[in-house]
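First comes the structure, then the notes that go with it.
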Amino acid sequence: MLNIAICDDDHYICEKLQNIIIEIINPIVEKAEFSVFYSGENLLKYLNEDNYFDIIFLDIELGLLNGVEVGKIIREKMNNEAVLIIYISGKESYAMELFDIRPFNFLIKPLEQQKINKVLNQAIDFIEKGNDIFEYNNNGSKYRVLIKDILYFESENRMVKMFMKEEIQTFYEKLDNIYRKLTEYNFLCIHKSYLVNYNHITTITYNNLTMSNGKTLDISQNRRKKIRELHLRFERNENNNDIN
Amino acid sequence: MILTDYNLIYLITNIFGTYILFKFMNIFFNRHDINIKVEFISYLIYFIISSLLYLFINIPIFTLVINIILFLVLSFNYSATLKRRLIAVILIYIIMLLVEIIIVLIFGFIDFSLYSSNPHFTSIIGLISLKLVSYTVVLLIGKYRNLKEEEEMPIIYWFAVIFIPIGTIYIIILLLQIDNINSYNLVTGIVILLFVNIITFGLYDRISIMLKKQMEGIILKQQNKHYLEQYKLIKESIYKTNAIRHDIKKHILVIKSLIDKNENDRAIAYINEITDSMSSKNIIANSGNIVIDSIINYKLYDADSKKINVIVRLMIPIKLNISDFDLTVILGNLLDNAIIATSILKNNRSITIQIIYRKETLFIHMENSFNGEVKYSKNKIVTSHDNNEKHGFGLANIKTVLEKYDGIMKVDYTSNDFIVDVMLYVKTTKK
């Protein structure tokens with residue numbers, strides 16, 4: 001089920017957006033739930049009560065607590081890297097701090113159905129891919145986790161540590177096997193002991209990268225060029241769907 | 001101590017040697033906060049001490065130790081970490097020592113006394129050769145370092161670096177073979193030759209710097225043009241918006257009356273007219289990032305009249321942590337190539353620009369329709385226009401800038417589309 005939140009102090013925008021979204025996702029999604037908020041504080045309060053969204057449409061020019069601050073709290077205080085934030089703005093200019101929140105995309109007012117269609121479809125594809133399952137064995141039992149919750153794998157001798165947002169799972173497996181299982185999911189093998197989920201990378205340079213849990217990992221020297229190319233390829237693929 | 005030919009020449013070569021040491025130091029250290037007067041005096045003192053040491057106390061170990069200490073002291077002219085200082089001093093000393101050993105070995109094999117009646121011939125040639133070879137080595141190392149940064153060295157430079165010092169040695173040998181040559185003439189001759197060496201290469205450096213500045217000047221001029229155009233566009237836009245604002249009451253009344261009369265279609269048409277007149281077709285890029293907006297708007301302002309279909313998508317912050325200059329070089333060149341390629345086409349001209357900032361990386365994606373012909377020259381793609389200088393120096397310059405940011409460029413093409421992807425790492429400006 002798709003959980004969507006819309007947060008804008010303009011009631012009209014909220015209504016219009018919701019209608020457009022319903023029209024777009026009707027043929028594609030089985031079930032969806034909408035939550036509408038007219039202020040950032042309300043959205044945050046709701047999130048604090050352990051509620052969950054796949055996508056949040058967030059107005060930048062909100063009232064007391066503006067969209068940027070709301071985004072910051074969601075990413076940093078609540079440590080939520082997974083939720084897709086799509087910013088709605090009346091302007092086309094964005095300050096650098098907006099990019100620290102790693103929004104999925106921007107929508108510019110006045111809202112156009114075509115643009116929302118494109119962005120929404122991209123978002124849904126992204127979410128569906130992330131909701132795929134990764135299976136592993138531990139002590140004879142089979143376990144399953146959502147791929148989008150995996151930050152990275154670290155291998156230690158014959159064991160593999162799987163780092164997730166709140167927990168670390170350790171089990172017997174070879175990093176190569178995991179990489180093979182996850183080939184279509186944008187994982188990067190940055191080091192012979194590290195396999196990293198591209199979607200959980202917050203910043204990256206030629207030499208190292210930082211994950212959404214703050215951990216910085218080194219890219220091994222002989223892999224740097226290859227990783228850089230893969231990085232470009234991943235982005236190209238994501239962005240190509242944008243243009244056409 | 002008699003001022004023999006030998007000692008006099010030693011002093012002269014030691015001046016040259018001090019100069020070489022100075023050049024050597026400047027390869028390892030940068031010249032921020034340098035006090036030129038202090039620097040000059042310190043090298044002067046070095047010259048005096050090392051000359052005195054050589055002429056009066058000729059104990060090798062002593063000389064070695066004092067020299068290293070002197071080098072270290074000289075290194076304090078420049079700001080650097082202790083580690084860097086030690087490494088630089090040791091490296092310089094070792095390299096100079098190696099050159100000396102090699103020269104001594106060579107002289108061991110060749111018996112120069114056959115060539116001249118001057119009793120000090122061998123030692124004089126030895127001294128001068130030593131210094132000239134050291135000079136060559138320093139020049140080579142210096143230019144090797146520059147290569148890694150940006151400069152492209154023409155082959156003739158390498159030729160000159162080897163040929164001129166060796167030629168100098170040859171001529172000095174000739175001078176020394178002249179029987180009964182006047183000491184002053186000899187010394188003057190040697191000084192002149194050494195001078196020619198220094199001036200030749202010094203001149204080369206000056207000219208390269210001049211050329212570089214010239215190039216920068218050209219690009220800055222271009223950039224200023226972009227800014228000016230952008231400023232004009234913005235002014236125009238503000239003017240139009242102000243005009244509308246003045247009339248807004250009037251406009252609202254018109255719309256209200258149309259809606260009252262239930263003529264909603266006319267009302268919508270009226271509103272569209274207003275929004276149309278507010279926007280300017282000339283502002284294609286409006287991301288707020290002045291550098292990027294101005295380049296795109298400037299270069300594509302007449303895209304409409306040239307019948308080029310332009311799609312621009314910008315997801316970038318207002319200020320990026322990359323120098324305006326570098327951004328201008330990259331974007332300017334990419335756009336120039338795209339524009340030229342599409343201008344050749346008769347129809348179906350289109351340019352797509354997408355610039356996205358994500359995960360502290362900047363991605364520039366440029367696509368343009370073209371006629372399917374890609375010319376290669378020495379494994380590099382050659383643009384289809386001749387005047388490289390006017391148009392911003394091409395793909396090679398993009399690569400030079402990209403190296404600064406560990407970036408890459410990928411080129412792809414089908415029979416109809418030419419695609420360039422550029423990626424560079426740009427850190428966020430943290431407050």
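Please note that chains go A, B, ... in the order of the structure tokens, that every chain numbers its residues from 1, and that ligands are numbered from 1 in the order shown.
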
Can you write out as JSON lines which residues of chain B fall within 8 Å of chain A, alongside each residue's closest atom pair and its distance in Å to one decimal, counting only C-alpha atoms and ordering rows by chain and ascending residue number?
```
{"residue": "B:Asn286", "atom": "CA", "partner": "A:Glu92", "partner_atom": "CA", "distance": 6.3}
{"residue": "B:Ser287", "atom": "CA", "partner": "A:Ser93", "partner_atom": "CA", "distance": 4.7}
{"residue": "B:Gly288", "atom": "CA", "partner": "A:Ser93", "partner_atom": "CA", "distance": 4.6}
{"residue": "B:Asn289", "atom": "CA", "partner": "A:Ser93", "partner_atom": "CA", "distance": 7.4}
{"residue": "B:Met315", "atom": "CA", "partner": "A:Phe106", "partner_atom": "CA", "distance": 7.9}
{"residue": "B:Ile316", "atom": "CA", "partner": "A:Tyr94", "partner_atom": "CA", "distance": 7.0}
{"residue": "B:Pro317", "atom": "CA", "partner": "A:Met96", "partner_atom": "CA", "distance": 4.7}
{"residue": "B:Ile318", "atom": "CA", "partner": "A:Ala95", "partner_atom": "CA", "distance": 5.3}
{"residue": "B:Lys319", "atom": "CA", "partner": "A:Met96", "partner_atom": "CA", "distance": 6.7}
{"residue": "B:Leu320", "atom": "CA", "partner": "A:Met96", "partner_atom": "CA", "distance": 7.6}
{"residue": "B:Tyr357", "atom": "CA", "partner": "A:Phe99", "partner_atom": "CA", "distance": 7.6}
{"residue": "B:Arg358", "atom": "CA", "partner": "A:Arg102", "partner_atom": "CA", "distance": 7.0}
{"residue": "B:Lys359", "atom": "CA", "partner": "A:Thr203", "partner_atom": "CA", "distance": 4.4}
{"residue": "B:Glu360", "atom": "CA", "partner": "A:Thr203", "partner_atom": "CA", "distance": 5.4}
{"residue": "B:Thr361", "atom": "CA", "partner": "A:Ile204", "partner_atom": "CA", "distance": 7.2}
{"residue": "B:Phe363", "atom": "CA", "partner": "A:Leu232", "partner_atom": "CA", "distance": 7.9}
{"residue": "B:Asp406", "atom": "CA", "partner": "A:Tyr206", "partner_atom": "CA", "distance": 6.3}
{"residue": "B:Met423", "atom": "CA", "partner": "A:Leu232", "partner_atom": "CA", "distance": 6.7}
{"residue": "B:Tyr425", "atom": "CA", "partner": "A:Thr205", "partner_atom": "CA", "distance": 5.7}
{"residue": "B:Thr428", "atom": "CA", "partner": "A:Met96", "partner_atom": "CA", "distance": 7.2}
{"residue": "B:Thr429", "atom": "CA", "partner": "A:Met96", "partner_atom": "CA", "distance": 7.5}
```

How would the residues just picked look written out with C-alpha atoms as an mmCIF file, in the first residue's frame?
```cif
data_model
loop_
_atom_site.group_PDB
_atom_site.id
_atom_site.type_symbol
_atom_site.label_atom_id
_atom_site.label_comp_id
_atom_site.auth_asym_id
_atom_site.auth_seq_id
_atom_site.Cartn_x
_atom_site.Cartn_y
_atom_site.Cartn_z
ATOM 1 C CA ASN B 286 15.958 30.369 -14.244
ATOM 2 C CA SER B 287 17.530 28.269 -11.531
ATOM 3 C CA GLY B 288 18.835 31.225 -9.573
ATOM 4 C CA ASN B 289 22.427 30.108 -10.099
ATOM 5 C CA MET B 315 18.089 21.000 -10.245
ATOM 6 C CA ILE B 316 20.935 22.946 -8.741
ATOM 7 C CA PRO B 317 21.506 25.238 -5.790
ATOM 8 C CA ILE B 318 21.928 28.970 -6.183
ATOM 9 C CA LYS B 319 25.602 28.779 -5.336
ATOM 10 C CA LEU B 320 27.860 25.850 -6.098
ATOM 11 C CA TYR B 357 23.224 18.247 -8.108
ATOM 12 C CA ARG B 358 22.921 15.155 -6.000
ATOM 13 C CA LYS B 359 24.988 13.445 -3.284
ATOM 14 C CA GLU B 360 27.415 16.344 -3.533
ATOM 15 C CA THR B 361 28.100 15.537 -7.153
ATOM 16 C CA PHE B 363 25.944 15.977 -13.231
ATOM 17 C CA ASP B 406 38.241 14.274 -10.017
ATOM 18 C CA MET B 423 30.302 14.442 -13.654
ATOM 19 C CA TYR B 425 32.529 16.087 -7.225
ATOM 20 C CA THR B 428 28.435 21.359 -0.173
ATOM 21 C CA THR B 429 29.334 24.720 1.284
#
```

(message) I want to know what sits within 8 Å of range 44-52 of chain A, based on only C-alpha atoms, with residues of the same chain fewer than 6 positions away left out; could you give that as a ChimeraX atom specification?
(response) /A:3,70,74

(request) Pick out the closest residue to Arg245 in chain B from this set: B:Val89, B:Ile41, B:Ile274, B:Ala338. Count only C-alpha atoms. (result) B:Ile274

(message) Between CA of Phe62 in chain B and CA of Phe40 in chain B, what is the distance in Å, rounded to a tenth?
(response) 24.9 Å

(message) When you count only C-alpha atoms, which of these residues is closest to Leu105 in chain B: B:Leu335, B:Gly126, B:Ile171, B:Ser323?
(response)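 Using only C-alpha atoms, the shortest distance to Leu105 in chain B belongs to B:Gly126.
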
(request) Once DSSP has gone over the backbone, tell me which residues of range 181-323 of chain B are in strand (DSSP E), as a list in words. (result) Ile308, Asn309, Val310, Ile311, Val312, Arg313, Leu314 and Met315 of chain B

Selection from above, C-alpha atoms, as a tab-separated table (two decimals), in the first residue's frame, can you write it?
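Below is the file that was written, selection.tsv:
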```tsv
chain	number	residue	atom	x	y	z
B	308	ILE	CA	16.58	25.13	-32.18
B	309	ASN	CA	14.28	23.38	-29.79
B	310	VAL	CA	15.72	23.75	-26.30
B	311	ILE	CA	14.84	21.73	-23.23
B	312	VAL	CA	16.45	22.79	-19.99
B	313	ARG	CA	16.17	21.05	-16.68
B	314	LEU	CA	18.08	22.41	-13.75
B	315	MET	CA	18.09	21.00	-10.24
```

(request) From the DSSP assignment of the backbone, select every residue of range 26-218 of chain B that is alpha helix (DSSP H), and format the answer as number ranges by chain. (result) B: 26-28, 36-56, 60-75, 82-109, 121-149, 155-177, 183-218

(message) Just checking: using only C-alpha atoms, which residue out of A:Thr216, A:Asn137, A:Asn131, A:Asn117 ends up closest to Leu17 in chain A?
(response) A:Asn117

(message) I'd like the neighbourhood of Phe134 in chain A as a PyMOL selection string, where a residue qualifies if any of its atoms comes within 7 Å (using only C-alpha atoms), though same-chain residues fewer than 4 positions away should be ignored.
(response) chain A and resi 144-147

Restrict the selected residues to all heavy atoms and save them as an mmCIF file, in the first residue's frame.
```cif
data_model
loop_
_atom_site.group_PDB
_atom_site.id
_atom_site.type_symbol
_atom_site.label_atom_id
_atom_site.label_comp_id
_atom_site.auth_asym_id
_atom_site.auth_seq_id
_atom_site.Cartn_x
_atom_site.Cartn_y
_atom_site.Cartn_z
ATOM 1 N N ARG A 144 13.909 -12.286 5.941
ATOM 2 C CA ARG A 144 13.700 -11.397 4.812
ATOM 3 C C ARG A 144 13.692 -9.951 5.281
ATOM 4 O O ARG A 144 13.103 -9.634 6.317
ATOM 5 C CB ARG A 144 12.359 -11.705 4.150
ATOM 6 C CG ARG A 144 12.116 -13.204 4.007
ATOM 7 C CD ARG A 144 10.671 -13.481 3.718
ATOM 8 N NE ARG A 144 10.496 -13.524 2.284
ATOM 9 C CZ ARG A 144 9.405 -13.097 1.663
ATOM 10 N NH1 ARG A 144 8.415 -12.594 2.347
ATOM 11 N NH2 ARG A 144 9.321 -13.180 0.352
ATOM 12 N N VAL A 145 14.340 -9.105 4.518
ATOM 13 C CA VAL A 145 14.289 -7.671 4.819
ATOM 14 C C VAL A 145 14.024 -6.915 3.531
ATOM 15 O O VAL A 145 14.250 -7.411 2.435
ATOM 16 C CB VAL A 145 15.609 -7.145 5.415
ATOM 17 C CG1 VAL A 145 15.812 -7.637 6.808
ATOM 18 C CG2 VAL A 145 16.780 -7.491 4.529
ATOM 19 N N LEU A 146 13.544 -5.698 3.685
ATOM 20 C CA LEU A 146 13.331 -4.855 2.517
ATOM 21 C C LEU A 146 14.677 -4.313 2.047
ATOM 22 O O LEU A 146 15.464 -3.816 2.849
ATOM 23 C CB LEU A 146 12.423 -3.670 2.868
ATOM 24 C CG LEU A 146 10.990 -4.015 3.201
ATOM 25 C CD1 LEU A 146 10.234 -2.754 3.608
ATOM 26 C CD2 LEU A 146 10.288 -4.639 1.994
ATOM 27 N N ILE A 147 14.906 -4.379 0.754
ATOM 28 C CA ILE A 147 16.180 -3.923 0.227
ATOM 29 C C ILE A 147 16.411 -2.456 0.540
ATOM 30 O O ILE A 147 17.527 -2.017 0.791
ATOM 31 C CB ILE A 147 16.249 -4.170 -1.288
ATOM 32 C CG1 ILE A 147 16.333 -5.665 -1.535
ATOM 33 C CG2 ILE A 147 17.444 -3.465 -1.917
ATOM 34 C CD1 ILE A 147 16.449 -6.034 -2.985
#
```

How close does each residue of range 52-73 of chain A get to range 29-43 of chain A, giving the shortest atom pair and distance in Å to one decimal for every residue with an atom at most 7 Å away, counting only C-alpha atoms, sorted by chain and residue number, as JSON lines?
```
{"residue": "A:Leu62", "atom": "CA", "partner": "A:Ser39", "partner_atom": "CA", "distance": 6.9}
{"residue": "A:Gly63", "atom": "CA", "partner": "A:Ser39", "partner_atom": "CA", "distance": 6.9}
{"residue": "A:Leu65", "atom": "CA", "partner": "A:Gly40", "partner_atom": "CA", "distance": 5.9}
{"residue": "A:Asn66", "atom": "CA", "partner": "A:Gly40", "partner_atom": "CA", "distance": 7.0}
{"residue": "A:Val70", "atom": "CA", "partner": "A:Gly40", "partner_atom": "CA", "distance": 6.1}
```

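The spacing separating CA of Asp176 in chain A from CA of Lys226 in chain A amounts to 16.7 Å.
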